[in-house]
2 protein chains.
Amino acid sequence: MVNDCNGEHSATACSARLRNVGDALYVIGGKWKLRIIIALSDGHMRFNELQRILDGISAKVLSNELKDLEINGFVKRSVNTGTPVVVTYEPTGYTSSLKEVLQALGNWGEQHREKLRMEGRQAS
Amino acid sequence: MVNDCNGEHSATACSARLRNVGDALYVIGGKWKLRIIIALSDGHMRFNELQRILDGISAKVLSNELKDLEINGFVKRSVNTGTPVVVTYEPTGYTSSLKEVLQALGNWGEQHREKLRMEGRQAS
């Protein structure tokens with residue numbers, strides 16, 4: 001793949017790859033979105049649970065990210081109007097379209113950490 | 001995959017996935033790194049070419065991103081001390097470890113754009 005941009009038609013192939021990856025990053029890039037999606041994959045979940053699991057995210061950022069994810073069809077927000085009112089977030093069917101992305105990133109992160117360990121460095 | 005965090009051992013599996021994807025994003029996350037890697041895959045390339053291809057990146061950001069990528073072993077910087085001095089950047093062998101990540105993200109970006117097109121919306 002590293003050479004997909006070489007040879008004939010290189011400019012076209014390269015710009016298509018740039019566009020595709022760019023479009024993906026526009027929607028699911030950033031520090032938190034994919035992590036929120038992973039955490040949500042544990043089923044119905046509440047705001048406070050998400051914030052606890054996603055160590056380091058502020059309430060404001062989590063709230064904005066959940067709204068973005070809802071707009072883009074990855075999150076379903078439900079308000080159960082009992083007493084007390086309970087708001088839950090869950091992944092949608094479209095979330096599963098990210099399976100390969102999450103798998104590839106997870107595999108890569110794991111093997112990269114292993115590489116750093118072998119080299120005697122810290123991952124982060 | 002969306003249910004990997006469910007059931008028994010869910011906390012452990014979920015936190016491993018969060019950690020792996022988090023580690024990956026720590027190294028190759030952000031708006032530009034993967035796009036720079038795609039552009040570099042066209043072989044030896046100069047700073048100005050990269051900036052032109054990566055429409056919208058400032059020289060300062062590109063310079064910092066290239067340094068980060070060099071530190072993490074994705075980019076080899078060469079200085080050819082002729083007249084004029086020519087600095088080139090090229091991907092390393094380790095860059096190809098990102099093959100699946102780039103493929104998954106590119107495929108997803110393409111199909112997401114197609115989904116938005118079918119829904120009559122703009123991708124970005």
# chains A, B, ... in the order shown; residues from 1 in each chain; ligands from 1

call {"tool": "calpha_fit_and_write", "arguments": {"fixed": "chain B", "moving": "chain A", "output": "mmCIF file with N, CA and C atoms, in the first residue's frame"}}
result
data_model
loop_
_atom_site.group_PDB
_atom_site.id
_atom_site.type_symbol
_atom_site.label_atom_id
_atom_site.label_comp_id
_atom_site.auth_asym_id
_atom_site.auth_seq_id
_atom_site.Cartn_x
_atom_site.Cartn_y
_atom_site.Cartn_z
ATOM 1 N N MET A 1 -17.765 -6.990 16.810
ATOM 2 C CA MET A 1 -16.809 -6.261 17.639
ATOM 3 C C MET A 1 -17.478 -5.301 18.582
ATOM 4 N N VAL A 2 -18.634 -4.809 18.165
ATOM 5 C CA VAL A 2 -19.255 -3.793 19.009
ATOM 6 C C VAL A 2 -19.618 -4.387 20.364
ATOM 7 N N ASN A 3 -19.744 -5.713 20.403
ATOM 8 C CA ASN A 3 -20.101 -6.331 21.670
ATOM 9 C C ASN A 3 -18.930 -6.964 22.402
ATOM 10 N N ASP A 4 -17.716 -6.723 21.923
ATOM 11 C CA ASP A 4 -16.546 -7.293 22.585
ATOM 12 C C ASP A 4 -16.451 -6.898 24.047
ATOM 13 N N CYS A 5 -17.043 -5.752 24.379
ATOM 14 C CA CYS A 5 -16.941 -5.271 25.746
ATOM 15 C C CYS A 5 -18.070 -5.809 26.622
ATOM 16 N N ASN A 6 -18.970 -6.613 26.041
ATOM 17 C CA ASN A 6 -20.087 -7.187 26.787
ATOM 18 C C ASN A 6 -19.709 -8.469 27.489
ATOM 19 N N GLY A 7 -20.616 -8.918 28.328
ATOM 20 C CA GLY A 7 -20.491 -10.252 28.919
ATOM 21 C C GLY A 7 -19.371 -10.360 29.923
ATOM 22 N N GLU A 8 -18.934 -11.602 30.160
ATOM 23 C CA GLU A 8 -17.866 -11.840 31.126
ATOM 24 C C GLU A 8 -16.572 -11.180 30.647
ATOM 25 N N HIS A 9 -15.745 -10.901 31.586
ATOM 26 C CA HIS A 9 -14.443 -10.284 31.293
ATOM 27 C C HIS A 9 -14.594 -8.964 30.541
ATOM 28 N N SER A 10 -15.803 -8.397 30.574
ATOM 29 C CA SER A 10 -16.038 -7.215 29.745
ATOM 30 C C SER A 10 -15.109 -6.058 30.125
ATOM 31 N N ALA A 11 -14.956 -5.816 31.421
ATOM 32 C CA ALA A 11 -14.155 -4.669 31.833
ATOM 33 C C ALA A 11 -12.727 -4.800 31.309
ATOM 34 N N THR A 12 -12.172 -6.007 31.416
ATOM 35 C CA THR A 12 -10.798 -6.227 30.964
ATOM 36 C C THR A 12 -10.679 -6.054 29.454
ATOM 37 N N ALA A 13 -11.604 -6.717 28.695
ATOM 38 C CA ALA A 13 -11.550 -6.641 27.233
ATOM 39 C C ALA A 13 -11.727 -5.212 26.765
ATOM 40 N N CYS A 14 -12.677 -4.527 27.397
ATOM 41 C CA CYS A 14 -12.964 -3.153 27.002
ATOM 42 C C CYS A 14 -11.769 -2.258 27.290
ATOM 43 N N SER A 15 -11.160 -2.442 28.459
ATOM 44 C CA SER A 15 -10.047 -1.548 28.785
ATOM 45 C C SER A 15 -8.831 -1.853 27.917
ATOM 46 N N ALA A 16 -8.654 -3.113 27.505
ATOM 47 C CA ALA A 16 -7.553 -3.434 26.589
ATOM 48 C C ALA A 16 -7.785 -2.767 25.241
ATOM 49 N N ARG A 17 -9.016 -2.808 24.746
ATOM 50 C CA ARG A 17 -9.320 -2.168 23.458
ATOM 51 C C ARG A 17 -9.145 -0.658 23.561
ATOM 52 N N LEU A 18 -9.610 -0.103 24.672
ATOM 53 C CA LEU A 18 -9.438 1.342 24.856
ATOM 54 C C LEU A 18 -7.968 1.709 24.867
ATOM 55 N N ARG A 19 -7.173 0.895 25.547
ATOM 56 C CA ARG A 19 -5.744 1.173 25.663
ATOM 57 C C ARG A 19 -5.052 1.060 24.301
ATOM 58 N N ASN A 20 -5.397 -0.026 23.559
ATOM 59 C CA ASN A 20 -4.749 -0.234 22.260
ATOM 60 C C ASN A 20 -5.077 0.890 21.276
ATOM 61 N N VAL A 21 -6.373 1.203 21.177
ATOM 62 C CA VAL A 21 -6.770 2.271 20.250
ATOM 63 C C VAL A 21 -6.221 3.613 20.735
ATOM 64 N N GLY A 22 -6.233 3.808 22.047
ATOM 65 C CA GLY A 22 -5.680 5.041 22.609
ATOM 66 C C GLY A 22 -4.200 5.196 22.282
ATOM 67 N N ASP A 23 -3.443 4.106 22.428
ATOM 68 C CA ASP A 23 -2.009 4.158 22.120
ATOM 69 C C ASP A 23 -1.779 4.462 20.638
ATOM 70 N N ALA A 24 -2.603 3.856 19.782
ATOM 71 C CA ALA A 24 -2.473 4.121 18.339
ATOM 72 C C ALA A 24 -2.743 5.595 18.054
ATOM 73 N N LEU A 25 -3.827 6.119 18.618
ATOM 74 C CA LEU A 25 -4.187 7.515 18.352
ATOM 75 C C LEU A 25 -3.132 8.476 18.893
ATOM 76 N N TYR A 26 -2.496 8.071 19.994
ATOM 77 C CA TYR A 26 -1.449 8.917 20.578
ATOM 78 C C TYR A 26 -0.311 9.138 19.570
ATOM 79 N N VAL A 27 -0.017 8.107 18.796
ATOM 80 C CA VAL A 27 1.125 8.179 17.876
ATOM 81 C C VAL A 27 0.722 8.678 16.485
ATOM 82 N N ILE A 28 -0.420 8.188 15.982
ATOM 83 C CA ILE A 28 -0.786 8.516 14.597
ATOM 84 C C ILE A 28 -2.101 9.277 14.484
ATOM 85 N N GLY A 29 -2.634 9.731 15.648
ATOM 86 C CA GLY A 29 -3.880 10.485 15.619
ATOM 87 C C GLY A 29 -3.641 11.913 15.157
ATOM 88 N N GLY A 30 -4.693 12.673 15.190
ATOM 89 C CA GLY A 30 -4.594 14.071 14.759
ATOM 90 C C GLY A 30 -4.982 14.226 13.302
ATOM 91 N N LYS A 31 -5.035 15.469 12.894
ATOM 92 C CA LYS A 31 -5.579 15.790 11.572
ATOM 93 C C LYS A 31 -4.632 15.416 10.436
ATOM 94 N N TRP A 32 -3.302 15.406 10.691
ATOM 95 C CA TRP A 32 -2.377 15.387 9.569
ATOM 96 C C TRP A 32 -1.499 14.150 9.417
ATOM 97 N N LYS A 33 -1.154 13.477 10.528
ATOM 98 C CA LYS A 33 -0.087 12.464 10.447
ATOM 99 C C LYS A 33 -0.335 11.395 9.390
ATOM 100 N N LEU A 34 -1.538 10.820 9.388
ATOM 101 C CA LEU A 34 -1.795 9.753 8.404
ATOM 102 C C LEU A 34 -1.810 10.316 6.984
ATOM 103 N N ARG A 35 -2.276 11.549 6.831
ATOM 104 C CA ARG A 35 -2.279 12.159 5.499
ATOM 105 C C ARG A 35 -0.857 12.417 5.012
ATOM 106 N N ILE A 36 0.002 12.825 5.933
ATOM 107 C CA ILE A 36 1.410 13.029 5.557
ATOM 108 C C ILE A 36 2.014 11.697 5.123
ATOM 109 N N ILE A 37 1.704 10.640 5.851
ATOM 110 C CA ILE A 37 2.241 9.314 5.518
ATOM 111 C C ILE A 37 1.768 8.867 4.133
ATOM 112 N N ILE A 38 0.511 9.143 3.813
ATOM 113 C CA ILE A 38 -0.002 8.804 2.476
ATOM 114 C C ILE A 38 0.751 9.597 1.403
ATOM 115 N N ALA A 39 0.911 10.885 1.652
ATOM 116 C CA ALA A 39 1.599 11.732 0.667
ATOM 117 C C ALA A 39 3.056 11.297 0.501
ATOM 118 N N LEU A 40 3.697 10.940 1.604
ATOM 119 C CA LEU A 40 5.092 10.486 1.546
ATOM 120 C C LEU A 40 5.244 9.190 0.775
ATOM 121 N N SER A 41 4.174 8.409 0.724
ATOM 122 C CA SER A 41 4.259 7.099 0.073
ATOM 123 C C SER A 41 4.504 7.234 -1.424
ATOM 124 N N ASP A 42 4.504 8.470 -1.920
ATOM 125 C CA ASP A 42 4.849 8.697 -3.330
ATOM 126 C C ASP A 42 6.379 8.763 -3.521
ATOM 127 N N GLY A 43 7.149 8.343 -2.516
ATOM 128 C CA GLY A 43 8.612 8.299 -2.673
ATOM 129 C C GLY A 43 9.308 9.488 -2.029
ATOM 130 N N HIS A 44 10.498 9.768 -2.443
ATOM 131 C CA HIS A 44 11.218 10.926 -1.901
ATOM 132 C C HIS A 44 10.404 12.176 -2.160
ATOM 133 N N MET A 45 10.232 12.960 -1.149
ATOM 134 C CA MET A 45 9.436 14.167 -1.375
ATOM 135 C C MET A 45 9.971 15.334 -0.574
ATOM 136 N N ARG A 46 9.732 16.490 -1.124
ATOM 137 C CA ARG A 46 10.231 17.704 -0.492
ATOM 138 C C ARG A 46 9.144 18.384 0.320
ATOM 139 N N PHE A 47 9.603 19.213 1.223
ATOM 140 C CA PHE A 47 8.712 19.933 2.126
ATOM 141 C C PHE A 47 7.622 20.695 1.362
ATOM 142 N N ASN A 48 8.047 21.442 0.336
ATOM 143 C CA ASN A 48 7.076 22.264 -0.392
ATOM 144 C C ASN A 48 6.039 21.430 -1.144
ATOM 145 N N GLU A 49 6.504 20.310 -1.690
ATOM 146 C CA GLU A 49 5.569 19.395 -2.360
ATOM 147 C C GLU A 49 4.524 18.887 -1.373
ATOM 148 N N LEU A 50 5.020 18.466 -0.195
ATOM 149 C CA LEU A 50 4.105 17.951 0.833
ATOM 150 C C LEU A 50 3.074 19.011 1.209
ATOM 151 N N GLN A 51 3.555 20.234 1.386
ATOM 152 C CA GLN A 51 2.629 21.291 1.794
ATOM 153 C C GLN A 51 1.577 21.564 0.716
ATOM 154 N N ARG A 52 2.000 21.445 -0.548
ATOM 155 C CA ARG A 52 1.062 21.676 -1.641
ATOM 156 C C ARG A 52 0.013 20.565 -1.705
ATOM 157 N N ILE A 53 0.478 19.322 -1.571
ATOM 158 C CA ILE A 53 -0.444 18.187 -1.667
ATOM 159 C C ILE A 53 -1.407 18.157 -0.480
ATOM 160 N N LEU A 54 -0.854 18.463 0.712
ATOM 161 C CA LEU A 54 -1.692 18.468 1.920
ATOM 162 C C LEU A 54 -2.321 19.841 2.065
ATOM 163 N N ASP A 55 -3.220 20.118 1.202
ATOM 164 C CA ASP A 55 -3.876 21.409 1.118
ATOM 165 C C ASP A 55 -4.366 21.870 2.495
ATOM 166 N N GLY A 56 -3.862 23.015 2.939
ATOM 167 C CA GLY A 56 -4.379 23.576 4.195
ATOM 168 C C GLY A 56 -3.445 23.463 5.387
ATOM 169 N N ILE A 57 -2.329 22.745 5.246
ATOM 170 C CA ILE A 57 -1.413 22.605 6.376
ATOM 171 C C ILE A 57 -0.425 23.784 6.360
ATOM 172 N N SER A 58 -0.159 24.343 7.530
ATOM 173 C CA SER A 58 0.827 25.437 7.597
ATOM 174 C C SER A 58 2.231 24.853 7.632
ATOM 175 N N ALA A 59 3.220 25.663 7.262
ATOM 176 C CA ALA A 59 4.608 25.196 7.260
ATOM 177 C C ALA A 59 5.034 24.782 8.666
ATOM 178 N N LYS A 60 4.598 25.542 9.651
ATOM 179 C CA LYS A 60 4.991 25.243 11.036
ATOM 180 C C LYS A 60 4.434 23.889 11.478
ATOM 181 N N VAL A 61 3.162 23.683 11.191
ATOM 182 C CA VAL A 61 2.529 22.409 11.590
ATOM 183 C C VAL A 61 3.168 21.250 10.827
ATOM 184 N N LEU A 62 3.380 21.421 9.527
ATOM 185 C CA LEU A 62 3.996 20.345 8.743
ATOM 186 C C LEU A 62 5.379 20.007 9.285
ATOM 187 N N SER A 63 6.136 21.038 9.609
ATOM 188 C CA SER A 63 7.480 20.834 10.152
ATOM 189 C C SER A 63 7.421 20.043 11.462
ATOM 190 N N ASN A 64 6.515 20.443 12.351
ATOM 191 C CA ASN A 64 6.381 19.722 13.629
ATOM 192 C C ASN A 64 5.927 18.283 13.431
ATOM 193 N N GLU A 65 4.973 18.093 12.523
ATOM 194 C CA GLU A 65 4.442 16.747 12.289
ATOM 195 C C GLU A 65 5.534 15.846 11.702
ATOM 196 N N LEU A 66 6.336 16.393 10.790
ATOM 197 C CA LEU A 66 7.426 15.598 10.206
ATOM 198 C C LEU A 66 8.442 15.202 11.276
ATOM 199 N N LYS A 67 8.727 16.122 12.193
ATOM 200 C CA LYS A 67 9.647 15.799 13.289
ATOM 201 C C LYS A 67 9.090 14.686 14.163
ATOM 202 N N ASP A 68 7.814 14.802 14.512
ATOM 203 C CA ASP A 68 7.150 13.754 15.308
ATOM 204 C C ASP A 68 7.227 12.408 14.598
ATOM 205 N N LEU A 69 6.914 12.439 13.298
ATOM 206 C CA LEU A 69 6.910 11.192 12.523
ATOM 207 C C LEU A 69 8.318 10.604 12.434
ATOM 208 N N GLU A 70 9.316 11.474 12.368
ATOM 209 C CA GLU A 70 10.702 11.014 12.325
ATOM 210 C C GLU A 70 11.078 10.355 13.662
ATOM 211 N N ILE A 71 10.721 11.016 14.754
ATOM 212 C CA ILE A 71 11.009 10.481 16.096
ATOM 213 C C ILE A 71 10.372 9.107 16.269
ATOM 214 N N ASN A 72 9.160 8.951 15.736
ATOM 215 C CA ASN A 72 8.457 7.680 15.901
ATOM 216 C C ASN A 72 8.792 6.658 14.820
ATOM 217 N N GLY A 73 9.747 6.970 13.984
ATOM 218 C CA GLY A 73 10.263 5.966 13.046
ATOM 219 C C GLY A 73 9.481 5.790 11.761
ATOM 220 N N PHE A 74 8.625 6.769 11.421
ATOM 221 C CA PHE A 74 7.833 6.649 10.199
ATOM 222 C C PHE A 74 8.440 7.403 9.022
ATOM 223 N N VAL A 75 9.353 8.299 9.321
ATOM 224 C CA VAL A 75 9.898 9.169 8.280
ATOM 225 C C VAL A 75 11.418 9.214 8.384
ATOM 226 N N LYS A 76 12.074 9.127 7.233
ATOM 227 C CA LYS A 76 13.520 9.298 7.175
ATOM 228 C C LYS A 76 13.791 10.635 6.469
ATOM 229 N N ARG A 77 14.527 11.487 7.158
ATOM 230 C CA ARG A 77 14.850 12.795 6.601
ATOM 231 C C ARG A 77 16.284 12.755 6.095
ATOM 232 N N SER A 78 16.488 13.144 4.847
ATOM 233 C CA SER A 78 17.836 13.134 4.283
ATOM 234 C C SER A 78 18.212 14.528 3.808
ATOM 235 N N VAL A 79 19.439 14.912 4.094
ATOM 236 C CA VAL A 79 19.945 16.199 3.634
ATOM 237 C C VAL A 79 21.040 15.928 2.601
ATOM 238 N N ASN A 80 20.780 16.341 1.369
ATOM 239 C CA ASN A 80 21.755 16.164 0.296
ATOM 240 C C ASN A 80 22.529 17.465 0.132
ATOM 241 N N THR A 81 23.759 17.436 0.606
ATOM 242 C CA THR A 81 24.519 18.687 0.728
ATOM 243 C C THR A 81 25.222 19.111 -0.555
ATOM 244 N N GLY A 82 24.450 19.149 -1.633
ATOM 245 C CA GLY A 82 24.992 19.723 -2.868
ATOM 246 C C GLY A 82 24.691 21.216 -2.886
ATOM 247 N N THR A 83 24.641 21.774 -4.092
ATOM 248 C CA THR A 83 24.207 23.160 -4.225
ATOM 249 C C THR A 83 23.054 23.182 -5.217
ATOM 250 N N PRO A 84 21.851 23.502 -4.839
ATOM 251 C CA PRO A 84 21.476 23.871 -3.475
ATOM 252 C C PRO A 84 21.309 22.640 -2.576
ATOM 253 N N VAL A 85 21.299 22.864 -1.263
ATOM 254 C CA VAL A 85 21.022 21.784 -0.313
ATOM 255 C C VAL A 85 19.581 21.306 -0.522
ATOM 256 N N VAL A 86 19.398 20.015 -0.652
ATOM 257 C CA VAL A 86 18.052 19.489 -0.849
ATOM 258 C C VAL A 86 17.705 18.555 0.308
ATOM 259 N N VAL A 87 16.584 18.850 0.964
ATOM 260 C CA VAL A 87 16.110 17.999 2.051
ATOM 261 C C VAL A 87 14.946 17.165 1.533
ATOM 262 N N THR A 88 15.036 15.857 1.708
ATOM 263 C CA THR A 88 13.926 15.006 1.274
ATOM 264 C C THR A 88 13.424 14.174 2.441
ATOM 265 N N TYR A 89 12.163 13.796 2.328
ATOM 266 C CA TYR A 89 11.512 12.971 3.346
ATOM 267 C C TYR A 89 10.985 11.730 2.657
ATOM 268 N N GLU A 90 11.183 10.590 3.298
ATOM 269 C CA GLU A 90 10.621 9.364 2.728
ATOM 270 C C GLU A 90 10.113 8.451 3.835
ATOM 271 N N PRO A 91 9.164 7.577 3.479
ATOM 272 C CA PRO A 91 8.661 6.653 4.489
ATOM 273 C C PRO A 91 9.715 5.595 4.800
ATOM 274 N N THR A 92 9.642 5.015 5.972
ATOM 275 C CA THR A 92 10.565 3.948 6.368
ATOM 276 C C THR A 92 9.872 2.594 6.215
ATOM 277 N N GLY A 93 10.584 1.529 6.502
ATOM 278 C CA GLY A 93 9.972 0.205 6.488
ATOM 279 C C GLY A 93 8.825 0.112 7.484
ATOM 280 N N TYR A 94 8.977 0.802 8.611
ATOM 281 C CA TYR A 94 7.938 0.695 9.648
ATOM 282 C C TYR A 94 6.623 1.328 9.202
ATOM 283 N N THR A 95 6.687 2.248 8.255
ATOM 284 C CA THR A 95 5.464 2.883 7.757
ATOM 285 C C THR A 95 4.487 1.840 7.226
ATOM 286 N N SER A 96 5.031 0.779 6.652
ATOM 287 C CA SER A 96 4.134 -0.225 6.058
ATOM 288 C C SER A 96 3.359 -1.006 7.114
ATOM 289 N N SER A 97 3.745 -0.885 8.394
ATOM 290 C CA SER A 97 2.947 -1.526 9.451
ATOM 291 C C SER A 97 1.570 -0.869 9.549
ATOM 292 N N LEU A 98 1.421 0.303 8.939
ATOM 293 C CA LEU A 98 0.140 1.022 8.993
ATOM 294 C C LEU A 98 -0.800 0.652 7.843
ATOM 295 N N LYS A 99 -0.383 -0.328 7.040
ATOM 296 C CA LYS A 99 -1.173 -0.715 5.867
ATOM 297 C C LYS A 99 -2.658 -0.955 6.196
ATOM 298 N N GLU A 100 -2.909 -1.836 7.173
ATOM 299 C CA GLU A 100 -4.310 -2.169 7.492
ATOM 300 C C GLU A 100 -5.069 -0.960 8.027
ATOM 301 N N VAL A 101 -4.390 -0.154 8.835
ATOM 302 C CA VAL A 101 -5.036 1.036 9.392
ATOM 303 C C VAL A 101 -5.458 1.980 8.262
ATOM 304 N N LEU A 102 -4.544 2.247 7.341
ATOM 305 C CA LEU A 102 -4.849 3.169 6.246
ATOM 306 C C LEU A 102 -5.921 2.597 5.327
ATOM 307 N N GLN A 103 -5.847 1.288 5.118
ATOM 308 C CA GLN A 103 -6.843 0.659 4.252
ATOM 309 C C GLN A 103 -8.238 0.730 4.894
ATOM 310 N N ALA A 104 -8.303 0.381 6.172
ATOM 311 C CA ALA A 104 -9.595 0.392 6.870
ATOM 312 C C ALA A 104 -10.168 1.803 6.915
ATOM 313 N N LEU A 105 -9.334 2.781 7.241
ATOM 314 C CA LEU A 105 -9.818 4.161 7.311
ATOM 315 C C LEU A 105 -10.239 4.674 5.940
ATOM 316 N N GLY A 106 -9.437 4.348 4.918
ATOM 317 C CA GLY A 106 -9.765 4.783 3.560
ATOM 318 C C GLY A 106 -11.068 4.173 3.081
ATOM 319 N N ASN A 107 -11.218 2.865 3.296
ATOM 320 C CA ASN A 107 -12.465 2.192 2.905
ATOM 321 C C ASN A 107 -13.660 2.800 3.627
ATOM 322 N N TRP A 108 -13.466 3.019 4.914
ATOM 323 C CA TRP A 108 -14.588 3.552 5.693
ATOM 324 C C TRP A 108 -14.952 4.960 5.230
ATOM 325 N N GLY A 109 -13.930 5.801 5.019
ATOM 326 C CA GLY A 109 -14.188 7.169 4.556
ATOM 327 C C GLY A 109 -14.942 7.180 3.241
ATOM 328 N N GLU A 110 -14.561 6.273 2.356
ATOM 329 C CA GLU A 110 -15.209 6.200 1.046
ATOM 330 C C GLU A 110 -16.669 5.781 1.182
ATOM 331 N N GLN A 111 -16.909 4.740 1.988
ATOM 332 C CA GLN A 111 -18.292 4.270 2.096
ATOM 333 C C GLN A 111 -19.144 5.241 2.908
ATOM 334 N N HIS A 112 -18.527 5.953 3.843
ATOM 335 C CA HIS A 112 -19.287 6.954 4.595
ATOM 336 C C HIS A 112 -19.704 8.111 3.681
ATOM 337 N N ARG A 113 -18.779 8.533 2.831
ATOM 338 C CA ARG A 113 -19.106 9.606 1.881
ATOM 339 C C ARG A 113 -20.246 9.168 0.967
ATOM 340 N N GLU A 114 -20.185 7.904 0.535
ATOM 341 C CA GLU A 114 -21.233 7.353 -0.326
ATOM 342 C C GLU A 114 -22.581 7.343 0.404
ATOM 343 N N LYS A 115 -22.541 6.969 1.679
ATOM 344 C CA LYS A 115 -23.762 6.966 2.500
ATOM 345 C C LYS A 115 -24.361 8.376 2.562
ATOM 346 N N LEU A 116 -23.501 9.358 2.815
ATOM 347 C CA LEU A 116 -23.999 10.737 2.896
ATOM 348 C C LEU A 116 -24.559 11.189 1.548
ATOM 349 N N ARG A 117 -23.892 10.751 0.467
ATOM 350 C CA ARG A 117 -24.356 11.122 -0.870
ATOM 351 C C ARG A 117 -25.754 10.556 -1.109
ATOM 352 N N MET A 118 -25.935 9.300 -0.716
ATOM 353 C CA MET A 118 -27.243 8.656 -0.878
ATOM 354 C C MET A 118 -28.313 9.378 -0.061
ATOM 355 N N GLU A 119 -27.881 9.927 1.062
ATOM 356 C CA GLU A 119 -28.834 10.635 1.920
ATOM 357 C C GLU A 119 -28.984 12.095 1.504
ATOM 358 N N GLY A 120 -28.224 12.468 0.474
ATOM 359 C CA GLY A 120 -28.327 13.836 -0.026
ATOM 360 C C GLY A 120 -27.625 14.872 0.821
ATOM 361 N N ARG A 121 -26.598 14.382 1.582
ATOM 362 C CA ARG A 121 -25.838 15.329 2.395
ATOM 363 C C ARG A 121 -24.415 15.436 1.862
ATOM 364 N N GLN A 122 -23.705 16.429 2.353
ATOM 365 C CA GLN A 122 -22.304 16.628 1.997
ATOM 366 C C GLN A 122 -21.427 15.970 3.041
ATOM 367 N N ALA A 123 -20.289 15.369 2.568
ATOM 368 C CA ALA A 123 -19.379 14.695 3.494
ATOM 369 C C ALA A 123 -18.684 15.689 4.417
ATOM 370 N N SER A 124 -18.276 16.788 3.888
ATOM 371 C CA SER A 124 -17.562 17.760 4.723
ATOM 372 C C SER A 124 -17.618 19.129 4.067
#

call {"tool": "select_by_dssp", "arguments": {"residues": "segment 38-103 of chain B", "states": "helix (DSSP H, G or I)", "output": "ChimeraX atom specification"}}
result
/B:38-40,47-53,59-71,93-103

call {"tool": "select_by_dssp", "arguments": {"residues": "segment 6-86 of chain A", "states": "strand (DSSP E or B)", "output": "ChimeraX atom specification"}}
result
/A:45,75-80,86

call {"tool": "write_last_selection", "arguments": {"atoms": "C-alpha atoms", "output": "mmCIF file, in the first residue's frame"}}
result
data_model
loop_
_atom_site.group_PDB
_atom_site.id
_atom_site.type_symbol
_atom_site.label_atom_id
_atom_site.label_comp_id
_atom_site.auth_asym_id
_atom_site.auth_seq_id
_atom_site.Cartn_x
_atom_site.Cartn_y
_atom_site.Cartn_z
ATOM 1 C CA MET A 45 -24.451 3.622 29.269
ATOM 2 C CA VAL A 75 -25.017 7.197 19.006
ATOM 3 C CA LYS A 76 -28.648 6.948 20.061
ATOM 4 C CA ARG A 77 -29.557 9.095 23.042
ATOM 5 C CA SER A 78 -32.598 8.038 25.052
ATOM 6 C CA VAL A 79 -34.335 9.934 27.818
ATOM 7 C CA ASN A 80 -36.313 7.740 30.205
ATOM 8 C CA VAL A 86 -32.288 8.726 33.189
#
